[in-house]
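**Q** Contents are mmCIF, C-alpha atoms; file name structure_11.cif:
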```
data_final
loop_
_atom_site.label_atom_id
_atom_site.label_comp_id
_atom_site.auth_asym_id
_atom_site.auth_seq_id
_atom_site.Cartn_x
_atom_site.Cartn_y
_atom_site.Cartn_z
CA MET A 1 72.35 -31.61 84.39
CA THR A 2 71.44 -30.08 81.03
CA ASP A 3 69.96 -26.62 80.93
CA PRO A 4 66.17 -26.98 80.50
CA TYR A 5 65.95 -23.53 78.91
CA LYS A 6 68.45 -24.59 76.30
CA THR A 7 66.70 -27.93 75.76
CA LEU A 8 63.40 -26.19 75.14
CA GLY A 9 65.02 -23.44 73.07
CA VAL A 10 63.81 -20.58 75.25
CA SER A 11 65.55 -17.84 77.16
CA LYS A 12 65.48 -17.29 80.91
CA SER A 13 63.31 -14.25 80.37
CA SER A 14 60.68 -16.20 78.40
CA THR A 15 57.15 -16.20 79.75
CA GLN A 16 55.48 -19.36 81.01
CA ASP A 17 53.30 -19.37 77.89
CA GLU A 18 56.33 -19.17 75.64
CA ILE A 19 57.89 -22.12 77.48
CA LYS A 20 54.70 -24.12 77.12
CA LYS A 21 54.47 -23.26 73.44
CA ALA A 22 58.07 -24.26 72.84
CA TYR A 23 57.50 -27.51 74.74
CA ARG A 24 54.39 -28.32 72.69
CA ASN A 25 56.18 -27.65 69.44
CA LEU A 26 59.06 -29.91 70.41
CA VAL A 27 56.76 -32.65 71.68
CA LYS A 28 54.84 -32.57 68.41
CA LYS A 29 58.10 -33.09 66.61
CA HIS A 30 59.66 -35.75 68.81
CA HIS A 31 56.81 -37.70 70.40
CA PRO A 32 57.63 -41.44 70.21
CA ASP A 33 54.19 -42.30 68.95
CA LEU A 34 54.60 -39.84 66.13
CA ASN A 35 58.10 -41.13 65.32
CA PRO A 36 57.81 -44.90 65.58
CA GLY A 37 61.18 -46.62 65.74
CA ASN A 38 63.16 -43.40 65.79
CA LYS A 39 65.56 -43.76 68.72
CA GLN A 40 66.89 -40.23 68.39
CA ALA A 41 63.40 -38.81 68.65
CA GLU A 42 62.76 -40.97 71.71
CA ALA A 43 65.85 -39.70 73.46
CA LYS A 44 65.05 -36.14 72.56
CA PHE A 45 61.49 -36.56 73.79
CA LYS A 46 62.78 -37.83 77.13
CA GLU A 47 65.05 -34.82 77.41
CA ILE A 48 62.29 -32.40 76.52
CA SER A 49 59.89 -33.95 79.05
CA HIS A 50 62.51 -33.73 81.73
CA ALA A 51 63.28 -30.10 80.90
CA TYR A 52 59.61 -29.20 80.99
CA GLU A 53 59.25 -30.94 84.32
CA LEU A 54 61.86 -28.55 85.68
CA ILE A 55 60.51 -25.27 84.35
CA GLY A 56 57.01 -26.10 83.11
CA THR A 57 55.24 -24.55 86.10
CA PRO A 58 56.04 -21.22 87.78
CA GLU A 59 56.73 -23.04 91.10
CA ASN A 60 59.16 -25.54 89.61
CA ARG A 61 60.77 -22.86 87.52
CA LEU A 62 61.32 -20.65 90.55
CA LYS A 63 62.91 -23.56 92.39
CA PHE A 64 65.12 -24.35 89.45
CA ASP A 65 66.17 -20.72 88.99
CA ARG A 66 67.07 -20.50 92.69
CA GLY A 67 69.12 -23.61 92.33
CA GLU A 68 66.86 -25.47 94.76
CA THR A 69 66.78 -29.13 93.97
CA ASP A 70 65.13 -30.76 96.93
CA GLN A 71 65.00 -34.46 97.46
CA GLN A 72 61.38 -34.73 96.33
CA GLN A 73 62.15 -32.97 93.07
CA HIS A 74 65.12 -35.22 92.50
CA GLU A 75 62.98 -38.26 93.09
CA ALA A 76 60.27 -37.00 90.78
CA GLN A 77 62.83 -36.32 88.07
CA ALA A 78 64.41 -39.71 88.57
CA GLU A 79 60.99 -41.40 88.43
CA GLN A 80 60.12 -39.48 85.29
CA GLN A 81 63.41 -40.50 83.74
CA ARG A 82 62.97 -44.15 84.74
CA TYR A 83 59.45 -44.12 83.40
CA TRP A 84 60.47 -42.96 79.97
CA GLU A 85 63.52 -45.16 79.85
CA GLU A 86 61.47 -48.23 80.64
CA ALA A 87 58.63 -47.19 78.41
CA LEU A 88 60.91 -46.47 75.51
CA ARG A 89 62.72 -49.76 75.98
CA GLY A 90 59.39 -51.42 75.39
CA ASP A 91 59.46 -53.20 78.72
CA LYS A 92 56.11 -54.97 78.78
CA ARG A 93 56.22 -55.32 82.54
CA LYS A 94 56.22 -51.58 82.82
CA ARG A 95 52.86 -50.39 84.02
CA LYS A 96 52.52 -47.64 81.44
CA SER A 97 53.76 -48.60 77.99
CA THR A 98 53.79 -46.12 75.17
CA PHE A 99 51.09 -46.77 72.68
CA TYR A 100 53.69 -47.36 70.00
CA ASN A 101 55.20 -50.22 72.01
CA THR A 102 51.85 -51.92 72.44
CA GLN A 103 51.41 -52.00 68.67
CA GLN A 104 54.74 -53.54 67.73
CA ASN A 105 53.81 -57.18 68.11
CA GLY A 106 50.40 -57.22 66.60
CA GLY A 107 48.40 -54.45 68.23
CA ARG A 108 44.65 -54.44 67.68
CA TYR A 109 44.51 -50.83 66.63
CA SER A 110 47.23 -50.89 63.98
CA HIS A 111 45.94 -54.24 62.69
CA SER A 112 42.53 -52.85 61.90
CA PHE A 113 43.77 -52.02 58.40
CA GLY A 114 44.12 -55.60 57.22
CA GLU A 115 47.04 -57.24 55.46
CA GLU A 116 46.26 -55.84 52.04
CA PHE A 117 46.67 -52.23 53.16
CA VAL A 118 50.05 -50.92 52.14
CA GLY A 119 49.46 -47.23 52.32
CA GLU A 120 48.60 -46.23 48.75
CA ASP A 121 45.22 -44.88 49.74
CA PHE A 122 46.54 -43.27 52.89
CA PHE A 123 44.50 -40.09 52.85
CA GLU A 124 41.44 -41.60 51.27
CA ASP A 125 41.46 -44.21 53.99
CA LEU A 126 42.10 -41.60 56.63
CA PHE A 127 39.03 -39.59 55.79
CA ARG A 128 36.87 -42.63 55.13
CA LYS A 129 37.77 -44.12 58.49
CA ALA A 130 37.80 -40.83 60.33
CA GLY A 131 34.35 -40.16 59.04
CA HIS A 132 33.15 -43.67 59.63
CA LYS A 133 34.69 -45.07 62.73
CA GLN A 134 36.54 -42.68 64.91
CA THR A 135 34.54 -39.52 64.84
CA ARG A 136 32.15 -38.79 67.67
CA PRO A 137 29.49 -41.44 67.66
CA THR A 138 25.92 -40.64 67.04
CA LYS A 139 23.67 -41.34 69.96
CA GLY A 140 20.43 -43.27 69.52
CA THR A 141 18.23 -42.08 66.67
CA ASP A 142 16.01 -39.08 67.27
CA THR A 143 12.33 -39.75 66.70
CA LEU A 144 9.66 -37.38 65.44
CA TYR A 145 5.98 -37.56 66.33
CA GLN A 146 3.10 -35.25 65.49
CA MET A 147 0.45 -33.98 67.84
CA ASN A 148 -2.72 -32.20 66.80
CA VAL A 149 -3.91 -29.37 68.96
CA THR A 150 -6.83 -27.01 68.43
CA LEU A 151 -6.22 -23.34 67.77
CA ALA A 152 -7.62 -22.59 71.23
CA GLU A 153 -5.15 -25.00 72.87
CA SER A 154 -2.29 -23.49 70.93
CA VAL A 155 -3.24 -19.97 71.97
CA LEU A 156 -4.12 -20.63 75.59
CA GLY A 157 -1.60 -23.41 76.25
CA ALA A 158 -2.52 -26.90 77.38
CA GLU A 159 -1.18 -30.13 78.73
CA LYS A 160 -1.75 -33.32 76.75
CA VAL A 161 -0.50 -36.87 76.97
CA ILE A 162 0.92 -38.69 73.98
CA THR A 163 1.60 -42.42 73.90
CA LEU A 164 4.78 -43.37 72.08
CA PRO A 165 5.02 -46.55 69.98
CA ASN A 166 7.01 -48.19 72.81
CA GLY A 167 4.01 -47.68 75.11
CA LYS A 168 5.61 -44.85 77.05
CA ASN A 169 3.36 -41.90 77.85
CA ILE A 170 4.76 -38.41 77.62
CA SER A 171 2.99 -35.48 79.18
CA VAL A 172 3.36 -32.65 76.70
CA LYS A 173 3.08 -29.14 78.05
CA ILE A 174 1.99 -26.95 75.18
CA PRO A 175 3.22 -23.43 75.80
CA GLN A 176 0.89 -20.47 75.27
CA GLY A 177 1.05 -19.07 71.77
CA ILE A 178 2.80 -22.03 70.13
CA SER A 179 2.78 -22.00 66.33
CA SER A 180 1.99 -24.88 64.04
CA GLY A 181 5.15 -26.74 63.05
CA THR A 182 6.99 -26.04 66.29
CA LYS A 183 8.88 -29.07 67.53
CA LEU A 184 9.10 -29.74 71.24
CA ARG A 185 12.15 -31.72 72.31
CA PHE A 186 12.15 -34.47 74.90
CA LYS A 187 15.71 -35.32 75.73
CA GLY A 188 16.61 -38.98 75.91
CA LEU A 189 13.17 -40.26 74.87
CA GLY A 190 14.19 -41.25 71.35
CA GLU A 191 15.55 -44.62 70.35
CA SER A 192 18.04 -46.33 72.66
CA GLY A 193 21.71 -46.03 71.80
CA ALA A 194 23.84 -49.09 71.21
CA ASP A 195 25.76 -50.33 74.24
CA ASP A 196 26.39 -47.41 76.55
CA TYR A 197 25.61 -44.70 74.03
CA PRO A 198 22.98 -42.23 75.10
CA PRO A 199 19.48 -42.53 73.66
CA GLY A 200 18.27 -40.09 71.03
CA ASP A 201 15.71 -37.38 71.63
CA ALA A 202 12.00 -37.44 70.87
CA PHE A 203 10.57 -34.47 69.02
CA ILE A 204 6.86 -33.70 69.02
CA GLU A 205 5.75 -31.52 66.14
CA ILE A 206 2.72 -29.46 66.97
CA ILE A 207 0.05 -29.35 64.27
CA VAL A 208 -2.56 -26.70 64.95
CA THR A 209 -5.96 -27.67 63.57
CA PRO A 210 -7.95 -24.66 62.33
CA MET A 211 -11.22 -23.48 63.88
CA LYS A 212 -14.06 -22.22 61.77
CA ALA A 213 -14.71 -19.05 63.71
CA PHE A 214 -11.13 -18.02 64.46
CA LYS A 215 -8.12 -17.54 62.25
CA ARG A 216 -4.61 -16.82 63.47
CA VAL A 217 -2.63 -14.18 61.59
CA GLY A 218 0.68 -13.57 63.33
CA ASN A 219 -0.21 -12.83 66.91
CA ASP A 220 -3.70 -11.61 66.02
CA ILE A 221 -6.85 -13.69 65.90
CA GLU A 222 -9.31 -12.71 63.19
CA THR A 223 -13.06 -13.25 63.47
CA GLU A 224 -16.24 -11.94 61.87
CA ILE A 225 -19.36 -10.70 63.60
CA ASN A 226 -22.79 -10.13 62.10
CA ILE A 227 -24.72 -7.02 63.03
CA SER A 228 -28.04 -5.64 61.84
CA PHE A 229 -28.22 -2.49 59.73
CA ILE A 230 -30.02 -0.84 62.64
CA GLU A 231 -27.07 -1.64 64.98
CA ALA A 232 -24.78 -0.31 62.28
CA ILE A 233 -26.67 2.98 62.16
CA LEU A 234 -27.35 3.46 65.84
CA GLY A 235 -24.34 1.73 67.35
CA ALA A 236 -24.59 -1.05 69.91
CA GLU A 237 -22.87 -3.07 72.56
CA ILE A 238 -22.78 -6.73 71.67
CA SER A 239 -21.24 -9.92 73.01
CA VAL A 240 -18.37 -11.21 70.90
CA PRO A 241 -16.84 -14.69 71.32
CA THR A 242 -13.09 -14.78 71.87
CA LEU A 243 -10.76 -17.69 72.64
CA TYR A 244 -10.70 -16.42 76.21
CA GLY A 245 -14.50 -16.36 76.49
CA PRO A 246 -17.13 -13.81 75.36
CA VAL A 247 -16.45 -10.10 75.81
CA MET A 248 -18.73 -7.08 75.34
CA MET A 249 -17.75 -4.90 72.40
CA LYS A 250 -19.03 -1.44 71.52
CA ILE A 251 -20.08 -1.03 67.91
CA PRO A 252 -19.72 2.65 66.99
CA ALA A 253 -22.74 4.29 65.36
CA GLY A 254 -22.42 4.43 61.57
CA VAL A 255 -19.99 1.52 61.33
CA ASN A 256 -19.56 0.14 57.85
CA ASN A 257 -19.63 -3.32 56.43
CA GLY A 258 -16.09 -4.75 56.50
CA SER A 259 -14.87 -2.44 59.25
CA ARG A 260 -12.32 -4.08 61.51
CA LEU A 261 -12.52 -3.54 65.23
CA ARG A 262 -9.68 -4.43 67.52
CA ILE A 263 -10.08 -6.05 70.94
CA ARG A 264 -6.74 -5.67 72.64
CA GLY A 265 -5.20 -8.51 74.62
CA LYS A 266 -7.44 -11.20 73.17
CA GLY A 267 -5.03 -12.48 70.56
CA VAL A 268 -1.97 -14.66 70.96
CA GLN A 269 0.22 -13.90 73.96
CA SER A 270 3.67 -15.14 73.12
CA SER A 271 7.29 -14.23 73.71
CA SER A 272 7.21 -12.30 70.44
CA GLY A 273 4.44 -10.02 71.66
CA SER A 274 0.80 -9.68 72.58
CA GLY A 275 -1.81 -9.86 69.85
CA SER A 276 -5.40 -8.65 69.56
CA GLN A 277 -8.61 -10.09 68.27
CA ILE A 278 -9.63 -8.36 65.07
CA VAL A 279 -13.38 -8.40 64.55
CA GLU A 280 -14.65 -7.75 61.04
CA ILE A 281 -18.14 -6.29 60.84
CA LYS A 282 -20.67 -7.93 58.57
CA ILE A 283 -23.86 -5.94 58.21
CA ILE A 284 -26.68 -8.34 57.56
CA MET A 285 -29.96 -7.19 56.08
CA PRO A 286 -33.19 -8.77 57.33
CA LYS A 287 -34.19 -11.80 55.32
CA ILE A 288 -37.69 -10.47 54.89
CA ILE A 289 -38.35 -6.76 54.41
CA SER A 290 -41.68 -6.12 56.08
CA PRO A 291 -44.16 -3.68 54.42
CA GLU A 292 -43.78 -1.36 57.43
CA LEU A 293 -40.04 -1.14 57.02
CA HIS A 294 -40.43 -0.67 53.30
CA THR A 295 -42.85 2.22 53.84
CA GLU A 296 -40.66 3.87 56.50
CA VAL A 297 -37.54 3.75 54.38
CA ARG A 298 -39.41 5.10 51.36
CA SER A 299 -40.70 8.07 53.30
CA TRP A 300 -37.27 8.67 54.83
CA HIS A 301 -35.53 8.37 51.43
CA GLY A 302 -37.09 11.56 50.13
CA ARG A 303 -35.96 13.54 53.18
CA PHE A 304 -32.37 12.41 53.39
CA ASP A 305 -30.00 12.77 50.49
CA TYR A 306 -27.57 9.86 50.64
CA ASN A 307 -25.56 8.54 47.70
CA PRO A 308 -22.71 6.15 48.67
CA ARG A 309 -21.26 6.32 45.14
CA SER A 310 -21.01 10.09 44.87
CA SER A 311 -17.88 11.03 46.89
CA THR A 312 -15.18 8.45 46.45
CA PRO A 313 -15.08 5.18 44.66
CA ARG A 314 -14.21 3.52 47.91
CA ASN A 315 -16.02 3.88 51.12
CA GLU A 316 -13.71 5.65 53.56
CA LYS A 317 -15.20 4.16 56.65
CA SER A 318 -14.81 0.57 55.56
CA GLU A 319 -11.05 0.86 55.91
CA LYS A 320 -11.02 2.56 59.22
CA GLN A 321 -10.11 0.49 62.18
CA TYR A 322 -11.86 1.06 65.42
CA ASN A 323 -10.18 0.38 68.69
CA VAL A 324 -12.55 -0.96 71.26
CA MET B 325 55.08 -60.80 74.82
CA LYS B 326 51.92 -58.93 75.35
CA ASN B 327 50.41 -59.34 78.80
CA ASN B 328 46.81 -60.40 79.10
CA ILE B 329 45.88 -58.33 82.10
CA MET B 330 42.47 -56.77 81.75
CA PHE B 331 41.24 -53.81 83.71
CA GLU B 332 37.78 -52.75 84.65
CA LEU B 333 36.93 -49.13 83.97
CA ARG B 334 37.45 -48.21 87.60
CA GLU B 335 40.84 -49.86 87.70
CA ALA B 336 41.84 -48.29 84.40
CA SER B 337 40.83 -44.92 85.76
CA ILE B 338 43.10 -45.36 88.80
CA HIS B 339 45.85 -46.77 86.60
CA CYS B 340 45.82 -43.80 84.25
CA GLY B 341 44.91 -41.18 86.80
CA ILE B 342 42.06 -40.11 84.54
CA ASN B 343 38.44 -39.80 85.58
CA GLN B 344 36.19 -42.73 84.60
CA GLU B 345 33.75 -40.42 82.82
CA ILE B 346 36.52 -39.12 80.59
CA ILE B 347 37.55 -42.67 79.67
CA LYS B 348 33.91 -43.51 79.00
CA GLN B 349 33.74 -40.51 76.69
CA PHE B 350 36.82 -41.74 74.80
CA ILE B 351 35.04 -45.07 74.34
CA GLN B 352 31.84 -43.40 73.23
CA TYR B 353 33.77 -41.38 70.68
CA GLU B 354 35.23 -44.70 69.45
CA TRP B 355 38.74 -43.50 70.09
CA ILE B 356 39.14 -46.52 72.32
CA SER B 357 37.76 -49.92 71.36
CA PRO B 358 37.89 -51.89 74.61
CA VAL B 359 39.34 -55.37 74.31
CA ASP B 360 36.11 -56.63 75.88
CA PRO B 361 33.38 -54.21 74.84
CA SER B 362 30.51 -56.10 76.45
CA GLU B 363 32.11 -56.07 79.91
CA LEU B 364 33.86 -52.77 79.21
CA LYS B 365 37.25 -54.24 80.06
CA LEU B 366 40.45 -52.63 78.91
CA ASP B 367 43.88 -54.09 78.24
CA GLU B 368 47.38 -52.72 78.08
CA GLU B 369 46.85 -51.40 74.56
CA ASP B 370 43.71 -49.56 75.58
CA ILE B 371 45.44 -48.08 78.61
CA ALA B 372 48.37 -46.89 76.51
CA ARG B 373 45.98 -45.39 73.98
CA ILE B 374 44.02 -43.62 76.71
CA LEU B 375 47.27 -42.12 77.98
CA LEU B 376 48.23 -41.13 74.45
CA ILE B 377 44.89 -39.38 73.93
CA TRP B 378 45.26 -37.69 77.29
CA GLU B 379 48.71 -36.47 76.30
CA LEU B 380 47.46 -35.25 72.95
CA LYS B 381 44.67 -33.32 74.60
CA GLN B 382 46.36 -32.07 77.73
CA GLU B 383 49.98 -31.69 76.73
CA LEU B 384 49.63 -30.77 73.10
CA GLY B 385 46.30 -28.97 73.26
CA VAL B 386 44.79 -31.09 70.48
CA ASN B 387 41.06 -30.49 70.15
CA ASP B 388 38.40 -33.22 70.02
CA GLU B 389 37.94 -32.91 66.26
CA ALA B 390 41.61 -33.54 65.56
CA VAL B 391 42.08 -36.46 67.98
CA PRO B 392 40.50 -39.16 65.74
CA ILE B 393 42.52 -37.95 62.76
CA ILE B 394 45.76 -38.11 64.69
CA LEU B 395 44.89 -41.51 66.13
CA HIS B 396 44.10 -42.79 62.68
CA LEU B 397 47.40 -41.52 61.31
CA ILE B 398 49.28 -43.08 64.19
CA ASP B 399 47.51 -46.41 63.65
CA GLU B 400 48.38 -46.36 59.97
CA LEU B 401 51.93 -45.35 60.71
CA ASN B 402 52.31 -48.22 63.18
CA HIS B 403 50.79 -50.61 60.71
CA LEU B 404 53.11 -49.52 57.90
CA HIS B 405 56.06 -49.58 60.26
CA LEU B 406 55.26 -53.17 61.18
CA LEU B 407 54.85 -54.12 57.52
CA ALA B 408 58.22 -52.59 56.71
CA LYS B 409 59.83 -54.40 59.64
CA ASN B 410 58.36 -57.73 58.57
CA LYS B 411 59.63 -57.22 55.02
CA GLN B 412 63.11 -56.50 56.31
CA ASN B 413 63.08 -59.71 58.30
#
```
Here is a file; write its structure as structure tokens.

**A**
Amino acid sequence: MTDPYKTLGVSKSSTQDEIKKAYRNLVKKHHPDLNPGNKQAEAKFKEISHAYELIGTPENRLKFDRGETDQQQHEAQAEQQRYWEEALRGDKRKRKSTFYNTQQNGGRYSHSFGEEFVGEDFFEDLFRKAGHKQTRPTKGTDTLYQMNVTLAESVLGAEKVITLPNGKNISVKIPQGISSGTKLRFKGLGESGADDYPPGDAFIEIIVTPMKAFKRVGNDIETEINISFIEAILGAEISVPTLYGPVMMKIPAGVNNGSRLRIRGKGVQSSSGSGSQIVEIKIIMPKIISPELHTEVRSWHGRFDYNPRSSTPRNEKSEKQYNV
Amino acid sequence: MKNNIMFELREASIHCGINQEIIKQFIQYEWISPVDPSELKLDEEDIARILLIWELKQELGVNDEAVPIILHLIDELNHLHLLAKNKQN
């Protein structure tokens, strides 16, 4: 019996990984399918396989090192040897032929090149074919559909049904806080794959249609609210519409036109954070100034010195944000 | 002479000692082109190729990306070898 350590080119103190590595390197070099027609390589390959059988696993190695060669091991070795001998002889009755043998009398795989191929374009052909035929196949084609949702639906979440061109209905769960352009994936609902290939996926792109009264900026929702100049002077508590329903908001006394008031928790609630509703104050003058109001303001004007253009070019209060 | 025995996937799996799903995957990757693709029947060549792929992956640690390249090279090598042999004769 030849020494398997010697055959594999390793020492007795080599680790199991080193043995495996040595075996792989030798197999790469001497595999019959990689050395078609090379009898020496075939014989060497048989020897290498046999050696690895003896010391390829810690259990077998231990047995071999102890000199234990039980009947079962002998039989396994003999079977392995017979297998390779028969396979390498090209015995077609043998259950497991090497791939090389199956290709020697007109194999389908090696004949896929056609008669005209003589190897000049070896690498060009390799990459063309590798890219075309033998790489992982693509599954069925993915399909893309669009679904319109209102801003409210996108913020609050919703469930809608979409009918695909093949008549199939998909129930689409729109998650809270979804942004326009987000694509939801439905695995396996794209086009069917050829033969047994898996179908592609269906993607639903969410298109958020704008609302007149609400505008989404990041996770915040911006709105405007009209108040009277009296409410602006005296302050007030008014009802403000939000996407979650109306809420009461305190308007601080002396609020300015353009002031932005924040209502926490009434913006977009998404994984990236919780937004607010930003309410911009619009002070609206009465359409008709009654004579009474005119008289009152005139009398008041003399008593109260007020010049909005005297201190700063910009009104300080208009930039202040109030938290409600 | 080449034998004409054809195997169903289940039989091929038992024959090779390789799980059916793995063989199916080889077919999906187009590493194996079954002799009868509609019935998914495999012949001796397919079986030998399955075993070769299995050896490449398991014994030599070849990754999935390299398998089709190696198979292609082997196919070309076999083809050229056959051409050379025919010329000699």

**Q** Interatomic distance between CA of Gly273 (chain A) and CA of Asn219 (chain A)?

**A**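 CA of Asn219 (chain A) lies at a distance of 7.2 Å from CA of Gly273 (chain A).
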
**Q** Hey, what comes out of the PyMOL selection byres ((chain B and resi 330) around 6) on this file? Could you write it as a list in words?

**A**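 For this structure, the PyMOL selection byres ((chain B and resi 330) around 6) resolves to Ile329, Phe331, Leu366 and Asp367 of chain B.
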
**Q** Convert the output of the PyMOL selection byres ((chain A and resi 15) around 12) on the shown file into explicit residues, formatted as a PyMOL selection string.

**A** chain A and resi 5+10-14+16-22+55-58+61

**Q** Env of region 170-173 of chain A: 10 Å cut, atoms = only C-alpha atoms, seq-sep filter 3 positions within chain, self excluded. Answer as a PDB file with C-alpha atoms, keeping the file's coordinate frame.

**A**
```pdb
ATOM      1  CA  MET A 147       0.450 -33.980  67.840  1.00  0.00           C
ATOM      2  CA  GLY A 157      -1.600 -23.410  76.250  1.00  0.00           C
ATOM      3  CA  ALA A 158      -2.520 -26.900  77.380  1.00  0.00           C
ATOM      4  CA  GLU A 159      -1.180 -30.130  78.730  1.00  0.00           C
ATOM      5  CA  LYS A 160      -1.750 -33.320  76.750  1.00  0.00           C
ATOM      6  CA  VAL A 161      -0.500 -36.870  76.970  1.00  0.00           C
ATOM      7  CA  ILE A 162       0.920 -38.690  73.980  1.00  0.00           C
ATOM      8  CA  THR A 163       1.600 -42.420  73.900  1.00  0.00           C
ATOM      9  CA  LEU A 164       4.780 -43.370  72.080  1.00  0.00           C
ATOM     10  CA  GLY A 167       4.010 -47.680  75.110  1.00  0.00           C
ATOM     11  CA  GLN A 176       0.890 -20.470  75.270  1.00  0.00           C
ATOM     12  CA  LEU A 184       9.100 -29.740  71.240  1.00  0.00           C
ATOM     13  CA  ARG A 185      12.150 -31.720  72.310  1.00  0.00           C
ATOM     14  CA  PHE A 186      12.150 -34.470  74.900  1.00  0.00           C
ATOM     15  CA  LEU A 189      13.170 -40.260  74.870  1.00  0.00           C
ATOM     16  CA  ALA A 202      12.000 -37.440  70.870  1.00  0.00           C
ATOM     17  CA  ILE A 204       6.860 -33.700  69.020  1.00  0.00           C
TER      18      ILE A 204
END
```

**Q** Once the PyMOL selection byres ((chain B) within 7 of (chain A)) is applied to the coordinates I shared, what remains selected? I want it as a PDB file with C-alpha atoms, in the coordinates of the input.

**A**
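Saved result, result.pdb, follows:
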```pdb
ATOM      1  CA  LYS B 326      51.920 -58.930  75.350  1.00  0.00           C
ATOM      2  CA  GLN B 352      31.840 -43.400  73.230  1.00  0.00           C
ATOM      3  CA  TYR B 353      33.770 -41.380  70.680  1.00  0.00           C
ATOM      4  CA  GLU B 354      35.230 -44.700  69.450  1.00  0.00           C
ATOM      5  CA  TRP B 355      38.740 -43.500  70.090  1.00  0.00           C
ATOM      6  CA  GLU B 369      46.850 -51.400  74.560  1.00  0.00           C
ATOM      7  CA  ALA B 372      48.370 -46.890  76.510  1.00  0.00           C
ATOM      8  CA  ARG B 373      45.980 -45.390  73.980  1.00  0.00           C
ATOM      9  CA  LEU B 376      48.230 -41.130  74.450  1.00  0.00           C
ATOM     10  CA  GLU B 383      49.980 -31.690  76.730  1.00  0.00           C
ATOM     11  CA  LEU B 384      49.630 -30.770  73.100  1.00  0.00           C
ATOM     12  CA  PRO B 392      40.500 -39.160  65.740  1.00  0.00           C
ATOM     13  CA  ILE B 393      42.520 -37.950  62.760  1.00  0.00           C
ATOM     14  CA  HIS B 396      44.100 -42.790  62.680  1.00  0.00           C
ATOM     15  CA  ILE B 398      49.280 -43.080  64.190  1.00  0.00           C
ATOM     16  CA  ASP B 399      47.510 -46.410  63.650  1.00  0.00           C
ATOM     17  CA  GLU B 400      48.380 -46.360  59.970  1.00  0.00           C
ATOM     18  CA  ASN B 402      52.310 -48.220  63.180  1.00  0.00           C
ATOM     19  CA  HIS B 403      50.790 -50.610  60.710  1.00  0.00           C
ATOM     20  CA  LEU B 404      53.110 -49.520  57.900  1.00  0.00           C
ATOM     21  CA  LEU B 406      55.260 -53.170  61.180  1.00  0.00           C
TER      22      LEU B 406
END
```

**Q** Tell me which of B:Cys340, B:Val391, B:Glu332, B:Ala408 sits closest to Ser362 (chain B), counting all atoms listed in the file.

**A**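 Distance minimum relative to Ser362 (chain B) lands on B:Glu332.
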
**Q** If I take CA of Asn257 (chain A) and CA of Asp220 (chain A), how far is one from the other in Å, to one decimal?

**A**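 Separation between CA of Asn257 (chain A) and CA of Asp220 (chain A): 20.4 Å.
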
**Q** Counting only C-alpha atoms, which residue out of A:Glu53, A:Glu237, A:Gly218, A:Asn148 sits closest to Lys250 (chain A)?

**A**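 Among the listed residues, A:Glu237 lies closest to Lys250 (chain A).
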
**Q** Is there a way to complete region 374-384 of chain B with N, CA and C atoms and then write that out as a short mmCIF file (atom, residue, chain, number, x, y, z; two decimals), in the coordinates of the input?

**A**
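out22.cif, freshly written:
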```cif
data_model
loop_
_atom_site.label_atom_id
_atom_site.label_comp_id
_atom_site.auth_asym_id
_atom_site.auth_seq_id
_atom_site.Cartn_x
_atom_site.Cartn_y
_atom_site.Cartn_z
N ILE B 374 44.68 -44.64 75.88
CA ILE B 374 44.02 -43.62 76.71
C ILE B 374 45.06 -42.56 77.12
N LEU B 375 46.22 -43.05 77.55
CA LEU B 375 47.27 -42.12 77.98
C LEU B 375 47.76 -41.26 76.81
N LEU B 376 47.81 -41.89 75.64
CA LEU B 376 48.23 -41.13 74.45
C LEU B 376 47.21 -40.02 74.15
N ILE B 377 45.94 -40.39 74.20
CA ILE B 377 44.89 -39.38 73.93
C ILE B 377 44.98 -38.25 74.97
N TRP B 378 45.17 -38.67 76.20
CA TRP B 378 45.26 -37.69 77.29
C TRP B 378 46.43 -36.73 77.04
N GLU B 379 47.54 -37.30 76.59
CA GLU B 379 48.71 -36.47 76.30
C GLU B 379 48.42 -35.52 75.13
N LEU B 380 47.77 -36.09 74.11
CA LEU B 380 47.46 -35.25 72.95
C LEU B 380 46.60 -34.07 73.36
N LYS B 381 45.61 -34.37 74.21
CA LYS B 381 44.67 -33.32 74.60
C LYS B 381 45.28 -32.35 75.62
N GLN B 382 45.88 -32.91 76.63
CA GLN B 382 46.36 -32.07 77.73
C GLN B 382 47.70 -31.42 77.45
N GLU B 383 48.62 -32.21 76.92
CA GLU B 383 49.98 -31.69 76.73
C GLU B 383 50.10 -30.90 75.43
N LEU B 384 49.46 -31.42 74.40
CA LEU B 384 49.63 -30.77 73.10
C LEU B 384 48.47 -29.86 72.72
#
```
